[in-house]
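Asker: Let me give you the structure first, and then I'll get to my questions.
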Amino acid sequence: MQQATSTSPAVRLRGITKRFPGVTANDGVDFEAAEGEVHALLGENGAGKTTLSNILTGLYRPDEGEIELYGKPVQFNSPRDALDAGVSMVHQHFRLVRAFTVAENVVLGDHRGEARRFRLRPRAIERRVAELGKEYGLRVAPRAKIWQLSLGEQQRVEILKALYRDSRVLILDEPTAVLTPQEAERLFRTLRAMVEEGRTIIFISHKLHEVKAVADRVTVLRAGRSIGTVSASESTPQSLAALMVGRELGTGATAKSEPRDEAVLEVQDLWTHGDRGEDAVKGVAFTVRAGEILAVAGVAGNGQRELAETITGMRPFARGGMSLNGRELRGGDPRRAIRAGIAHVPEDRLGTGVAPNLTVASNVVLKSYRSREMSRGPLLRGRSIRRRAEELIHRYEVRPPIATTPARQLSGGNLQKVVLAREFSGDPKVLVAASPTRGLDVAAIEAVHGHLRDAAARGMAILLISEDLEEILTLADRVAVIYEGAIVGEVDPKGATVNEIGLLMAGGGRS
Amino acid sequence: MIRFERRLQQPWWLAVAVPVGSILVALAFAAIVLAATGHDPLHAYRRIFDSAFLAKGALTQTIMSATPLCFTGLAAAVAFRMQLFNIGAEGQLYFGAIAAAASGLYFHSLPKPLVIVAMIAAGCAGGAAWALIPAILKAFFRTNEIITSLMLNYVAALVLNYLIFDSLSYWRDTSTPETKVFPQGKTLADSATWPTTTLVHSGPGLVVPLGFGIAILVALLAWFLYSRTRFGFEAQVLGDSQQAARYAGIRTRRKILAVMCLSGAIAGLGGASQDGDFRHLLDPRGLQQAGYGYAGIVVAALARYNPFGVVLIAFLLGGLQNAGYTLQGADFPSGLVGVIQGLILFCALGGELLGRYRIRIARRPAPAVEPSA
């Protein structure tokens, strides 16, 4: 067995084709990952990365093509088959039971060994989890409940799950999206330790520098096809981007807008409660001027969501105040905020930013259906709504260009275009954009950045809340760093480095 | 090895094939029951069909059975569409009946059209008021409306019994010594009796009660409300995602109150129709035995919350019920209709599963690969 498999790759996909009604998500994809390597899977949204990993983890069956593990053909009919064959996945959104402990989550769904007993022996599992944690540098308390953990710690639990099952192949989907640069660094060390034992890591990412830092080889997908596999050390971010998009990208060095002097949004000593009643935003104060992009940098879970929700009226505030063009804003009333001219690109695109099962047309008028143009008294003007939707779909190049598509069927990038189209169509004075490019591909990020810059150039005041330092450094005129609900420092993006801001984000600015 | 796999997209024909197939499978199962108890299934089905739709006066009876199911089905459908699970149509119907009976008794001296309008208004108000309780609890205290509305059904039933059996209320008939011993409601005056329309004179004939006409009107209004108005748009957004609705500046609390009250009003209208069309007095036993509120949930579910679907399904189930009443006797087991109804619901829910999943039969699970380390 050992002899027979050592020469074949750990994972080999041959001619994988998967069609969904209307689209071919994977079109004859070939993919190989060797034992003991970190293999990055790179591609734009809609390039077929997610479909491919869903096939490899048994969630979908391919229409055509073969899967081989260690030289043996396999057929997965359910995720459990894939898990039994030693293929695990860490999804972007963690699959953990929040009320359970770390150890309980680790054995959950396992149906072998310890987990197979009728009566669990939690101590034995906890001991094993602690051992694994120590061995791989995934420090997390086995008896802690999931809801008590930060996102970074939750991710460690997901990886521990795979290690506990002794999975040989681990797929990570955008694992660094929720991490600080320092945490990401630590994750990379863990991944290296895992591949040194002969495990195989498939690393899905959009971030080119990350791919270069951690991967041995990179396979690029474009429009459902595998474009090629290159060695990470021999490629540059530029060459990877070109492969991924199929053309050279602009340098992104567009001239920044000229901020004007008028203060548009002023926030003074703002305090807000979080979902559990704790102080989530603690005395935040800032001013955003017309034509300016103020970035709030921070690791997720440090009060950014609450801050964005407070400014946009979705969450009442406890103390302090906000004003728009000198006029006091009342908290906790989204409709008033919309009317006052505050646009919002929410962090949670599908579910908050759009109603997923309603059509693109309905979502385009999600805020303007009340207006004169879209309704007459209590009746909707169906034709005006359709016309508005078609116009915006055309202008923002939404794909597919069909107004009756349910929003959930759009890719992340196209969904964000719908959100932006709607938010800008209200002619707002302020835009609060929370992680506007999370999970988007390079081309979509470019488009979103372009729209934000244009808006600033038109004189809109933009509050950009983001964890992506690259994004912040390319877009922002000023950067405020938030940590545990408070602004811990302001830096000038021209002079700052990623490491400086990263340190502040991790709480290092506190003396 | 049988496996269920999720379908990613439902082919269009499934929307028709699943309900029709479910009913056929249910009938096949019921045929087994019939054959096992020594009845000829084909013969039994022919008799059911005859007495539901073809016999003299059958269609009229079927429409009568269908009318309350239309109301409670629509009541459930308008709320469920917004993901508001109002299970309280039963109690709301009782309160509609109480309020409508009161106004029918009180205004009996007015001209007939005015009395009817007063009863309709009172029925709606009674049902809406009873629905307002779980609505307020849901909107302001985030209480689960399934539990509160369900529990209030029992409270409503107790109130209903109290008014007739345990008190000398306005609704109770105390005019004769007999009714003092065997309590019953006051009979409504002729002016409070709702008219009927004879649509077909010849053959088996078809007489339609006013309530059925109102039910179809309500179905039309519900469809219009949900597809053409701002109210419907907001309800759709809220039904799809509470967060998105809040984000869009939709007043979610008001919406919850409004939709629950609308649902309660429709159920209350069903109660008013019971008073005016059929019973002509406040009849606690009859209303509670019928269980229209719960049957309405089944109707709404089978109709997939489509208002016109509700009318159609109510008509079919009404026919089945009607056949059950007429055929009950020595050679026709009285529980049979209940069995068939139960089987249809069972098969319809199973059919839903088939709509969403595909069954695969695999010979054995995929070969597992031993780790090479």
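Residue numbers start at 1 in each chain; chains themselves are named A, B, ... in the order of the structure tokens; ligands are numbered from 1 in the order shown.
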Name the residues of range 76-118 of chain A that fall into strand (DSSP E) according to DSSP on the backbone, using the chain letters and numbers of this document, as a list in words.
Answerer: Val87, Ser88, Met89 and Val90 of chain A
Asker: Atoms to include: C-alpha atoms. Write the selected residues as an mmCIF file, in the first residue's frame.
Answerer:
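Result went into selection.cif, see below:
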```
data_model
loop_
_atom_site.group_PDB
_atom_site.id
_atom_site.type_symbol
_atom_site.label_atom_id
_atom_site.label_comp_id
_atom_site.auth_asym_id
_atom_site.auth_seq_id
_atom_site.Cartn_x
_atom_site.Cartn_y
_atom_site.Cartn_z
ATOM 1 C CA VAL A 87 -10.624 14.624 3.189
ATOM 2 C CA SER A 88 -11.657 17.477 5.502
ATOM 3 C CA MET A 89 -12.589 21.037 4.809
ATOM 4 C CA VAL A 90 -12.508 24.242 6.820
#
```
Asker: Neighbouring residues of range 309-320 of chain A were defined as those with any atom within 7 Å, considering only C-alpha atoms; residues of the same chain fewer than 6 positions away were excluded. Please report them as number ranges by chain.
Answerer: A: 268-273, 331-334, 337, 342, 344; B: 246-247
Asker: Write out the residues from the selection above, keeping C-alpha atoms, as a PDB file, in the first residue's frame.
Answerer:
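The file below, part.pdb, is the result:
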```pdb
ATOM      1  CA  GLN A 268     -18.843  62.168  19.259  1.00  0.00           C
ATOM      2  CA  ASP A 269     -18.140  59.874  22.195  1.00  0.00           C
ATOM      3  CA  LEU A 270     -20.343  57.101  20.847  1.00  0.00           C
ATOM      4  CA  TRP A 271     -21.179  54.141  23.103  1.00  0.00           C
ATOM      5  CA  THR A 272     -23.160  51.169  21.872  1.00  0.00           C
ATOM      6  CA  HIS A 273     -24.205  47.864  23.351  1.00  0.00           C
ATOM      7  CA  GLY A 331     -30.223  56.339  16.684  1.00  0.00           C
ATOM      8  CA  GLY A 332     -32.041  53.099  16.093  1.00  0.00           C
ATOM      9  CA  ASP A 333     -34.132  54.112  13.113  1.00  0.00           C
ATOM     10  CA  PRO A 334     -32.861  52.814   9.766  1.00  0.00           C
ATOM     11  CA  ALA A 337     -30.988  57.249   8.457  1.00  0.00           C
ATOM     12  CA  ILE A 342     -26.754  57.495   4.854  1.00  0.00           C
ATOM     13  CA  HIS A 344     -24.857  51.285   3.897  1.00  0.00           C
TER      14      HIS A 344
ATOM     15  CA  ARG B 246     -34.607  46.176   9.040  1.00  0.00           C
ATOM     16  CA  TYR B 247     -31.758  47.291   6.838  1.00  0.00           C
TER      17      TYR B 247
END
```
Asker: Write out as a tab-separated table (two decimals) with N, CA and C atoms, in the first residue's frame which residues come within 12 Å of Asn144 in chain B when counting only C-alpha atoms, dropping same-chain ones fewer than 2 positions away.
Answerer:
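To be explicit, this is the file written out as around04.tsv:
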```tsv
chain	number	residue	atom	x	y	z
B	83	GLN	N	-43.51	34.10	7.04
B	83	GLN	CA	-42.81	33.34	8.08
B	83	GLN	C	-43.34	33.64	9.46
B	84	LEU	N	-44.61	34.05	9.52
B	84	LEU	CA	-45.25	34.23	10.81
B	84	LEU	C	-46.17	33.04	11.00
B	85	PHE	N	-45.85	32.16	11.91
B	85	PHE	CA	-46.59	30.91	11.98
B	85	PHE	C	-47.74	31.04	12.95
B	86	ASN	N	-48.81	31.64	12.45
B	86	ASN	CA	-50.01	31.82	13.24
B	86	ASN	C	-50.80	30.52	13.24
B	87	ILE	N	-50.70	29.79	14.34
B	87	ILE	CA	-51.42	28.51	14.46
B	87	ILE	C	-52.79	28.78	15.10
B	133	ILE	N	-52.91	39.61	20.29
B	133	ILE	CA	-52.16	39.22	21.50
B	133	ILE	C	-50.83	38.54	21.15
B	134	PRO	N	-50.86	37.45	20.39
B	134	PRO	CA	-49.56	36.87	20.01
B	134	PRO	C	-48.73	37.83	19.16
B	135	ALA	N	-49.39	38.71	18.38
B	135	ALA	CA	-48.66	39.65	17.54
B	135	ALA	C	-47.84	40.61	18.39
B	136	ILE	N	-48.46	41.14	19.44
B	136	ILE	CA	-47.75	42.08	20.31
B	136	ILE	C	-46.61	41.36	21.02
B	137	LEU	N	-46.89	40.16	21.49
B	137	LEU	CA	-45.85	39.40	22.18
B	137	LEU	C	-44.67	39.14	21.25
B	138	LYS	N	-44.99	38.84	19.98
B	138	LYS	CA	-43.94	38.56	19.01
B	138	LYS	C	-43.17	39.83	18.68
B	139	ALA	N	-43.88	40.90	18.40
B	139	ALA	CA	-43.23	42.11	17.92
B	139	ALA	C	-42.40	42.79	19.00
B	140	PHE	N	-42.89	42.79	20.22
B	140	PHE	CA	-42.20	43.56	21.24
B	140	PHE	C	-41.38	42.72	22.19
B	141	PHE	N	-41.71	41.43	22.34
B	141	PHE	CA	-40.95	40.62	23.29
B	141	PHE	C	-40.32	39.40	22.63
B	142	ARG	N	-40.42	39.34	21.30
B	142	ARG	CA	-39.83	38.24	20.52
B	142	ARG	C	-40.26	36.86	21.02
B	146	ILE	N	-45.78	30.67	17.44
B	146	ILE	CA	-46.40	29.35	17.30
B	146	ILE	C	-47.00	28.94	18.63
B	147	ILE	N	-46.21	29.10	19.69
B	147	ILE	CA	-46.66	28.64	21.00
B	147	ILE	C	-47.79	29.51	21.53
B	148	THR	N	-47.59	30.84	21.46
B	148	THR	CA	-48.61	31.72	22.04
B	148	THR	C	-49.94	31.58	21.31
B	149	SER	N	-49.88	31.55	19.97
B	149	SER	CA	-51.15	31.50	19.24
B	149	SER	C	-51.83	30.15	19.46
B	150	LEU	N	-51.04	29.10	19.58
B	150	LEU	CA	-51.62	27.78	19.82
B	150	LEU	C	-52.29	27.73	21.19
B	151	MET	N	-51.59	28.24	22.20
B	151	MET	CA	-52.15	28.21	23.56
B	151	MET	C	-53.43	29.02	23.65
```
Asker: Taking the backbone alone, and naming residues the way the document does, which bits of range 27-254 of chain A are helix (DSSP H, G or I) by DSSP, as a ChimeraX atom specification?
Answerer: /A:49-56,79-84,102-107,113-116,122-136,146-148,151-164,175-178,181-196,208-214,237-245
Asker: With distances taken over only C-alpha atoms, which of B:Gly211, B:Pro68, B:Pro177, B:Gly350 is nearest to Gly318 in chain B?
Answerer: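 Comparing B:Gly211, B:Pro68, B:Pro177, B:Gly350 against Gly318 in chain B, the winner is B:Pro68.
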Asker: Could you check the closest approach to chain A for each of B:Tyr294, B:Tyr226, B:Tyr94, B:Tyr325 and tell me which residue wins, using only C-alpha atoms?
Answerer: B:Tyr226
Asker: Would you please work out which residue, of B:Asn161, B:Gln61, B:Gln321, B:Gln243, is nearest to chain A when using only C-alpha atoms?
Answerer: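 For chain A, the nearest of the given residues is B:Gln243.
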Asker: Counting only C-alpha atoms, which of B:Ser202, B:Ser241, B:Gln288, B:Thr176 gets nearest to chain A?
Answerer: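 Distance minimum relative to chain A lands on B:Ser241.
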Asker: Identify, on the basis of only C-alpha atoms, every residue whose closest approach to Glu471 in chain A does not exceed 10 Å; exclude the query and any residue fewer than 5 positions from it along the same chain; express the result as an NGL selection string.
Answerer: :A and (295 or 435-437 or 445 or 449 or 464 or 466 or 476)
Asker: Give the answer as one residue: which of B:Pro307, B:Gly324, B:Gly249, B:Gly319 has the shortest atom-to-atom distance to chain A, using only C-alpha atoms?
Answerer: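 That would be B:Gly249, the residue with the smallest distance to chain A.
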Asker: Can you pull out the residues contacting Val245 in chain A? Cut-off 9 Å, using only C-alpha atoms, and skip same-chain residues under 3 positions away; I want them as a list in words.
Answerer: Gly43, Glu44, Arg222, Leu240, Ala241, Ala242, Glu248, Leu249, Val442 and Ala443 of chain A
